[in-house]
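K.L.:
Sharing query10.pdb here; it has PDB, N, CA and C atoms.
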```
MODEL        1
ATOM      1  N   ILE A 141      64.506   9.803 -41.251
ATOM      2  CA  ILE A 141      64.433   9.536 -39.820
ATOM      3  C   ILE A 141      65.706   8.845 -39.359
ATOM      4  N   PHE A 142      66.217   7.936 -40.145
ATOM      5  CA  PHE A 142      67.369   7.146 -39.740
ATOM      6  C   PHE A 142      68.563   7.424 -40.641
ATOM      7  N   LYS A 143      68.866   8.697 -40.862
ATOM      8  CA  LYS A 143      69.975   9.075 -41.727
ATOM      9  C   LYS A 143      71.267   8.392 -41.286
ATOM     10  N   GLY A 144      71.918   7.757 -42.251
ATOM     11  CA  GLY A 144      73.181   7.081 -41.969
ATOM     12  C   GLY A 144      73.027   5.681 -41.402
ATOM     13  N   GLN A 145      71.795   5.214 -41.221
ATOM     14  CA  GLN A 145      71.552   3.886 -40.679
ATOM     15  C   GLN A 145      70.763   3.055 -41.689
ATOM     16  N   VAL A 146      71.059   1.779 -41.721
ATOM     17  CA  VAL A 146      70.297   0.879 -42.574
ATOM     18  C   VAL A 146      68.950   0.635 -41.903
ATOM     19  N   CYS A 147      67.874   0.904 -42.629
ATOM     20  CA  CYS A 147      66.542   0.675 -42.050
ATOM     21  C   CYS A 147      65.703  -0.245 -42.929
ATOM     22  N   ASN A 148      66.237  -0.658 -44.073
ATOM     23  CA  ASN A 148      65.578  -1.552 -45.009
ATOM     24  C   ASN A 148      64.428  -0.920 -45.777
ATOM     25  N   GLY A 149      63.980   0.247 -45.388
ATOM     26  CA  GLY A 149      63.019   1.017 -46.166
ATOM     27  C   GLY A 149      61.653   0.386 -46.314
ATOM     28  N   VAL A 150      60.899   0.987 -47.181
ATOM     29  CA  VAL A 150      59.552   0.544 -47.481
ATOM     30  C   VAL A 150      59.388   0.591 -48.991
ATOM     31  N   ARG A 151      58.815  -0.423 -49.551
ATOM     32  CA  ARG A 151      58.546  -0.435 -50.984
ATOM     33  C   ARG A 151      57.036  -0.522 -51.170
ATOM     34  N   ILE A 152      56.515   0.429 -51.902
ATOM     35  CA  ILE A 152      55.079   0.466 -52.156
ATOM     36  C   ILE A 152      54.865   0.273 -53.638
ATOM     37  N   PHE A 153      54.065  -0.697 -53.993
ATOM     38  CA  PHE A 153      53.738  -0.943 -55.387
ATOM     39  C   PHE A 153      52.342  -0.395 -55.664
ATOM     40  N   ILE A 154      52.258   0.486 -56.614
ATOM     41  CA  ILE A 154      50.970   1.048 -57.007
ATOM     42  C   ILE A 154      50.441   0.196 -58.150
ATOM     43  N   THR A 155      49.308  -0.414 -57.930
ATOM     44  CA  THR A 155      48.746  -1.299 -58.943
ATOM     45  C   THR A 155      47.680  -0.617 -59.790
ATOM     46  N   ASP A 156      47.126   0.478 -59.290
ATOM     47  CA  ASP A 156      46.135   1.222 -60.065
ATOM     48  C   ASP A 156      46.206   2.686 -59.670
ATOM     49  N   ARG A 157      46.952   3.464 -60.424
ATOM     50  CA  ARG A 157      47.154   4.864 -60.054
ATOM     51  C   ARG A 157      45.883   5.690 -60.174
ATOM     52  N   ALA A 158      44.901   5.199 -60.913
ATOM     53  CA  ALA A 158      43.642   5.920 -61.049
ATOM     54  C   ALA A 158      42.864   5.974 -59.734
ATOM     55  N   VAL A 159      43.073   5.002 -58.871
ATOM     56  CA  VAL A 159      42.354   4.980 -57.600
ATOM     57  C   VAL A 159      43.250   5.331 -56.403
ATOM     58  N   LEU A 160      44.525   5.533 -56.669
ATOM     59  CA  LEU A 160      45.451   5.895 -55.583
ATOM     60  C   LEU A 160      45.116   7.273 -55.039
ATOM     61  N   ARG A 161      45.025   7.374 -53.763
ATOM     62  CA  ARG A 161      44.851   8.660 -53.092
ATOM     63  C   ARG A 161      46.141   8.930 -52.333
ATOM     64  N   ALA A 162      47.059   9.577 -53.024
ATOM     65  CA  ALA A 162      48.403   9.771 -52.495
ATOM     66  C   ALA A 162      48.412  10.537 -51.177
ATOM     67  N   VAL A 163      47.539  11.512 -51.038
ATOM     68  CA  VAL A 163      47.488  12.276 -49.789
ATOM     69  C   VAL A 163      47.037  11.380 -48.637
ATOM     70  N   ASP A 164      46.095  10.485 -48.908
ATOM     71  CA  ASP A 164      45.660   9.541 -47.868
ATOM     72  C   ASP A 164      46.811   8.628 -47.459
ATOM     73  N   VAL A 165      47.569   8.149 -48.434
ATOM     74  CA  VAL A 165      48.721   7.288 -48.144
ATOM     75  C   VAL A 165      49.735   8.062 -47.299
ATOM     76  N   GLY A 166      50.038   9.274 -47.712
ATOM     77  CA  GLY A 166      50.993  10.094 -46.960
ATOM     78  C   GLY A 166      50.527  10.384 -45.551
ATOM     79  N   THR A 167      49.240  10.675 -45.399
ATOM     80  CA  THR A 167      48.691  10.945 -44.070
ATOM     81  C   THR A 167      48.753   9.697 -43.195
ATOM     82  N   ALA A 168      48.395   8.557 -43.758
ATOM     83  CA  ALA A 168      48.453   7.303 -42.999
ATOM     84  C   ALA A 168      49.884   6.983 -42.579
ATOM     85  N   LEU A 169      50.838   7.216 -43.484
ATOM     86  CA  LEU A 169      52.246   6.982 -43.137
ATOM     87  C   LEU A 169      52.701   7.920 -42.031
ATOM     88  N   ALA A 170      52.333   9.183 -42.136
ATOM     89  CA  ALA A 170      52.740  10.152 -41.108
ATOM     90  C   ALA A 170      52.181   9.780 -39.745
ATOM     91  N   VAL A 171      50.907   9.411 -39.700
ATOM     92  CA  VAL A 171      50.279   9.009 -38.435
ATOM     93  C   VAL A 171      50.983   7.778 -37.870
ATOM     94  N   THR A 172      51.279   6.812 -38.730
ATOM     95  CA  THR A 172      51.925   5.573 -38.284
ATOM     96  C   THR A 172      53.348   5.831 -37.803
ATOM     97  N   PHE A 173      54.116   6.610 -38.560
ATOM     98  CA  PHE A 173      55.487   6.918 -38.142
ATOM     99  C   PHE A 173      55.496   7.694 -36.829
ATOM    100  N   ARG A 174      54.562   8.621 -36.673
ATOM    101  CA  ARG A 174      54.480   9.396 -35.435
ATOM    102  C   ARG A 174      54.180   8.476 -34.249
ATOM    103  N   ARG A 175      53.286   7.488 -34.466
ATOM    104  CA  ARG A 175      52.927   6.561 -33.392
ATOM    105  C   ARG A 175      54.087   5.622 -33.050
ATOM    106  N   LEU A 176      54.758   5.090 -34.090
ATOM    107  CA  LEU A 176      55.825   4.112 -33.867
ATOM    108  C   LEU A 176      57.145   4.751 -33.444
ATOM    109  N   TYR A 177      57.419   5.948 -33.950
ATOM    110  CA  TYR A 177      58.703   6.619 -33.698
ATOM    111  C   TYR A 177      58.480   8.064 -33.259
ATOM    112  N   PRO A 178      57.834   8.277 -32.123
ATOM    113  CA  PRO A 178      57.482   9.644 -31.725
ATOM    114  C   PRO A 178      58.685  10.573 -31.516
ATOM    115  N   LYS A 179      59.798  10.033 -31.117
ATOM    116  CA  LYS A 179      60.983  10.879 -30.900
ATOM    117  C   LYS A 179      61.749  11.113 -32.191
ATOM    118  N   GLU A 180      61.785  10.126 -33.052
ATOM    119  CA  GLU A 180      62.578  10.218 -34.272
ATOM    120  C   GLU A 180      61.858  10.926 -35.421
ATOM    121  N   PHE A 181      60.544  10.787 -35.479
ATOM    122  CA  PHE A 181      59.779  11.369 -36.584
ATOM    123  C   PHE A 181      59.640  12.868 -36.369
ATOM    124  N   LYS A 182      60.182  13.635 -37.282
ATOM    125  CA  LYS A 182      60.245  15.091 -37.129
ATOM    126  C   LYS A 182      59.069  15.749 -37.849
ATOM    127  N   LEU A 183      58.076  16.142 -37.058
ATOM    128  CA  LEU A 183      56.900  16.778 -37.635
ATOM    129  C   LEU A 183      57.231  18.113 -38.299
ATOM    130  N   SER A 184      58.253  18.781 -37.823
ATOM    131  CA  SER A 184      58.628  20.065 -38.429
ATOM    132  C   SER A 184      59.024  19.882 -39.892
ATOM    133  N   GLU A 185      59.624  18.751 -40.229
ATOM    134  CA  GLU A 185      59.983  18.484 -41.620
ATOM    135  C   GLU A 185      58.752  18.145 -42.445
ATOM    136  N   LEU A 186      57.768  17.520 -41.834
ATOM    137  CA  LEU A 186      56.516  17.237 -42.516
ATOM    138  C   LEU A 186      55.793  18.538 -42.841
ATOM    139  N   ASP A 187      55.885  19.502 -41.955
ATOM    140  CA  ASP A 187      55.208  20.772 -42.156
ATOM    141  C   ASP A 187      55.672  21.480 -43.425
ATOM    142  N   ARG A 188      56.954  21.372 -43.753
ATOM    143  CA  ARG A 188      57.460  21.987 -44.981
ATOM    144  C   ARG A 188      56.773  21.420 -46.212
ATOM    145  N   LEU A 189      56.454  20.146 -46.189
ATOM    146  CA  LEU A 189      55.794  19.493 -47.312
ATOM    147  C   LEU A 189      54.280  19.703 -47.264
ATOM    148  N   LEU A 190      53.710  19.561 -46.105
ATOM    149  CA  LEU A 190      52.265  19.560 -45.931
ATOM    150  C   LEU A 190      51.640  20.950 -46.067
ATOM    151  N   GLN A 191      52.189  21.915 -45.354
ATOM    152  CA  GLN A 191      51.663  23.279 -45.361
ATOM    153  C   GLN A 191      50.179  23.347 -44.978
ATOM    154  N   HIS A 192      49.800  22.559 -43.970
ATOM    155  CA  HIS A 192      48.420  22.567 -43.493
ATOM    156  C   HIS A 192      48.452  22.366 -41.981
ATOM    157  N   PRO A 193      48.485  23.472 -41.209
ATOM    158  CA  PRO A 193      48.645  23.377 -39.748
ATOM    159  C   PRO A 193      47.613  22.504 -39.042
ATOM    160  N   VAL A 194      46.382  22.498 -39.507
ATOM    161  CA  VAL A 194      45.338  21.692 -38.859
ATOM    162  C   VAL A 194      45.675  20.201 -38.951
ATOM    163  N   THR A 195      46.123  19.763 -40.123
ATOM    164  CA  THR A 195      46.489  18.358 -40.304
ATOM    165  C   THR A 195      47.732  18.026 -39.496
ATOM    166  N   LEU A 196      48.700  18.922 -39.493
ATOM    167  CA  LEU A 196      49.918  18.704 -38.719
ATOM    168  C   LEU A 196      49.594  18.524 -37.233
ATOM    169  N   GLU A 197      48.719  19.353 -36.714
ATOM    170  CA  GLU A 197      48.331  19.246 -35.308
ATOM    171  C   GLU A 197      47.586  17.938 -35.038
ATOM    172  N   ALA A 198      46.765  17.519 -35.982
ATOM    173  CA  ALA A 198      46.039  16.249 -35.821
ATOM    174  C   ALA A 198      47.006  15.067 -35.783
ATOM    175  N   VAL A 199      48.047  15.102 -36.622
ATOM    176  CA  VAL A 199      49.076  14.054 -36.588
ATOM    177  C   VAL A 199      49.787  14.100 -35.244
ATOM    178  N   ARG A 200      50.112  15.294 -34.787
ATOM    179  CA  ARG A 200      50.792  15.454 -33.493
ATOM    180  C   ARG A 200      49.953  14.873 -32.360
ATOM    181  N   GLU A 201      48.638  15.062 -32.438
ATOM    182  CA  GLU A 201      47.730  14.581 -31.397
ATOM    183  C   GLU A 201      47.447  13.084 -31.497
ATOM    184  N   GLY A 202      47.877  12.448 -32.600
ATOM    185  CA  GLY A 202      47.687  11.011 -32.748
ATOM    186  C   GLY A 202      46.332  10.607 -33.290
ATOM    187  N   ARG A 203      45.650  11.524 -33.970
ATOM    188  CA  ARG A 203      44.362  11.174 -34.560
ATOM    189  C   ARG A 203      44.548  10.177 -35.701
ATOM    190  N   SER A 204      43.500   9.457 -36.020
ATOM    191  CA  SER A 204      43.579   8.480 -37.108
ATOM    192  C   SER A 204      43.630   9.211 -38.439
ATOM    193  N   TRP A 205      44.203   8.550 -39.458
ATOM    194  CA  TRP A 205      44.279   9.204 -40.764
ATOM    195  C   TRP A 205      42.891   9.383 -41.355
ATOM    196  N   THR A 206      41.970   8.463 -41.043
ATOM    197  CA  THR A 206      40.612   8.615 -41.566
ATOM    198  C   THR A 206      39.897   9.792 -40.896
ATOM    199  N   GLY A 207      40.164   9.998 -39.633
ATOM    200  CA  GLY A 207      39.596  11.151 -38.928
ATOM    201  C   GLY A 207      40.163  12.459 -39.450
ATOM    202  N   ILE A 208      41.456  12.442 -39.756
ATOM    203  CA  ILE A 208      42.100  13.631 -40.321
ATOM    204  C   ILE A 208      41.492  13.944 -41.677
ATOM    205  N   ARG A 209      41.341  12.932 -42.505
ATOM    206  CA  ARG A 209      40.764  13.129 -43.844
ATOM    207  C   ARG A 209      39.339  13.652 -43.744
ATOM    208  N   ALA A 210      38.565  13.092 -42.834
ATOM    209  CA  ALA A 210      37.180  13.537 -42.662
ATOM    210  C   ALA A 210      37.118  15.014 -42.278
ATOM    211  N   ALA A 211      38.096  15.479 -41.503
ATOM    212  CA  ALA A 211      38.110  16.875 -41.065
ATOM    213  C   ALA A 211      38.306  17.848 -42.224
ATOM    214  N   TRP A 212      39.115  17.464 -43.227
ATOM    215  CA  TRP A 212      39.317  18.384 -44.351
ATOM    216  C   TRP A 212      38.555  18.012 -45.603
ATOM    217  N   LEU A 213      37.685  17.023 -45.505
ATOM    218  CA  LEU A 213      36.888  16.604 -46.662
ATOM    219  C   LEU A 213      35.978  17.717 -47.205
ATOM    220  N   PRO A 214      35.290  18.486 -46.371
ATOM    221  CA  PRO A 214      34.473  19.576 -46.919
ATOM    222  C   PRO A 214      35.305  20.590 -47.725
ATOM    223  N   GLU A 215      36.483  20.908 -47.232
ATOM    224  CA  GLU A 215      37.382  21.823 -47.947
ATOM    225  C   GLU A 215      37.819  21.214 -49.284
ATOM    226  N   LEU A 216      38.094  19.922 -49.294
ATOM    227  CA  LEU A 216      38.479  19.228 -50.516
ATOM    228  C   LEU A 216      37.340  19.226 -51.534
ATOM    229  N   ARG A 217      36.136  18.945 -51.079
ATOM    230  CA  ARG A 217      34.976  18.932 -51.974
ATOM    231  C   ARG A 217      34.755  20.311 -52.601
ATOM    232  N   ASP A 218      34.925  21.360 -51.819
ATOM    233  CA  ASP A 218      34.783  22.719 -52.335
ATOM    234  C   ASP A 218      35.835  23.000 -53.410
ATOM    235  N   PHE A 219      37.075  22.588 -53.159
ATOM    236  CA  PHE A 219      38.142  22.763 -54.145
ATOM    237  C   PHE A 219      37.821  22.005 -55.436
ATOM    238  N   GLU A 220      37.375  20.768 -55.308
ATOM    239  CA  GLU A 220      37.044  19.961 -56.487
ATOM    240  C   GLU A 220      35.915  20.610 -57.300
ATOM    241  N   ARG A 221      34.945  21.175 -56.624
ATOM    242  CA  ARG A 221      33.839  21.849 -57.298
ATOM    243  C   ARG A 221      34.338  23.073 -58.071
ATOM    244  N   ARG A 222      35.212  23.877 -57.431
ATOM    245  CA  ARG A 222      35.746  25.073 -58.086
ATOM    246  C   ARG A 222      36.690  24.719 -59.232
ATOM    247  N   ARG A 223      37.384  23.608 -59.120
ATOM    248  CA  ARG A 223      38.351  23.187 -60.125
ATOM    249  C   ARG A 223      37.700  22.569 -61.365
ATOM    250  N   ALA A 224      36.576  21.927 -61.187
ATOM    251  CA  ALA A 224      35.933  21.156 -62.250
ATOM    252  C   ALA A 224      35.800  21.894 -63.586
ATOM    253  N   PRO A 225      35.390  23.156 -63.627
ATOM    254  CA  PRO A 225      35.236  23.820 -64.933
ATOM    255  C   PRO A 225      36.537  23.984 -65.702
ATOM    256  N   PHE A 226      37.660  23.869 -65.033
ATOM    257  CA  PHE A 226      38.951  24.095 -65.674
ATOM    258  C   PHE A 226      39.628  22.820 -66.166
ATOM    259  N   LEU A 227      39.068  21.664 -65.820
ATOM    260  CA  LEU A 227      39.648  20.401 -66.255
ATOM    261  C   LEU A 227      39.332  20.174 -67.722
ATOM    262  N   LEU A 228      40.352  19.853 -68.486
ATOM    263  CA  LEU A 228      40.168  19.665 -69.914
ATOM    264  C   LEU A 228      39.871  18.218 -70.286
ATOM    265  N   TYR A 229      40.278  17.270 -69.448
ATOM    266  CA  TYR A 229      40.111  15.846 -69.777
ATOM    267  C   TYR A 229      39.351  15.128 -68.704
TER     268      TYR A 229
ENDMDL
END
```
Would it be possible to restate this file's structure as structure tokens?
P.N.:
Amino acid sequence: IFKGQVCNGVRIFITDRAVLRAVDVGTALAVTFRRLYPKEFKLSELDRLLQHPVTLEAVREGRSWTGIRAAWLPELRDFERRRAPFLLY
């Protein structure tokens, strides 16, 4: 967002990776950056990473990250169910 400018960044310490929900963290960051920096935060660049138009539109509309997660939770549960037989550990 601030290429070529000192912004001091953000440092996130993960204390328990077993409970980290990285997608939730990313969604919360995207929603927050969009709210705080609506002109500077480039949603088109997020789309390359996200590849989920419904979530991208929800971020654009300013929905909460918990509301966004709730919207795709049924799809996530279905994926987890289909994936379960293939997990080895």
K.L.:
Enumerate, as a ChimeraX atom specification, the residues matched when the PyMOL selection byres (((chain A and resi 193-204 and name CA) around 10) and name CA) is run on the file above.
P.N.:
/A:167-168,170-175,178,183-184,186-187,190-192,205-212
K.L.:
Interatomic distance between CA of Pro214 (chain A) and atom C of Ile154 (chain A)?
P.N.:
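Between CA of Pro214 (chain A) and atom C of Ile154 (chain A) the gap works out to 27.5 Å.
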K.L.:
Enclose all atoms of region 184-198 of chain A listed in the file in an axis-aligned box, grow every side by 4 Å, and hand back centre and edge lengths in Å to one decimal, as AutoDock Vina command-line options.
P.N.:
```
--center_x 52.7 --center_y 19.3 --center_z -41.2 --size_x 22.6 --size_y 16.4 --size_z 20.3
```
K.L.:
Between CA of Val165 (chain A) and CA of Arg151 (chain A), what is the distance in Å, rounded to a tenth?
P.N.:
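Rounded to one decimal, the two atoms are 12.8 Å apart.
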K.L.:
So the first atom is CA of Arg161 (chain A) and the second is atom C of Arg217 (chain A); what is the distance between them in Å, to one decimal place?
P.N.:
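Separation between CA of Arg161 (chain A) and atom C of Arg217 (chain A): 15.4 Å.
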K.L.:
Using DSSP assignments from the backbone, pull out every residue in chain A that falls under alpha helix (DSSP H) and give it to me as a PyMOL selection string.
P.N.:
chain A and resi 162-176+183-190+193-201+205-223
K.L.:
Taking only C-alpha atoms into account, name the residue in A:Lys143, A:Thr155, A:Asn148, A:Leu160 that is nearest to Phe181 (chain A).
P.N.:
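Answer, going by the shortest atom-to-atom distance: A:Lys143.
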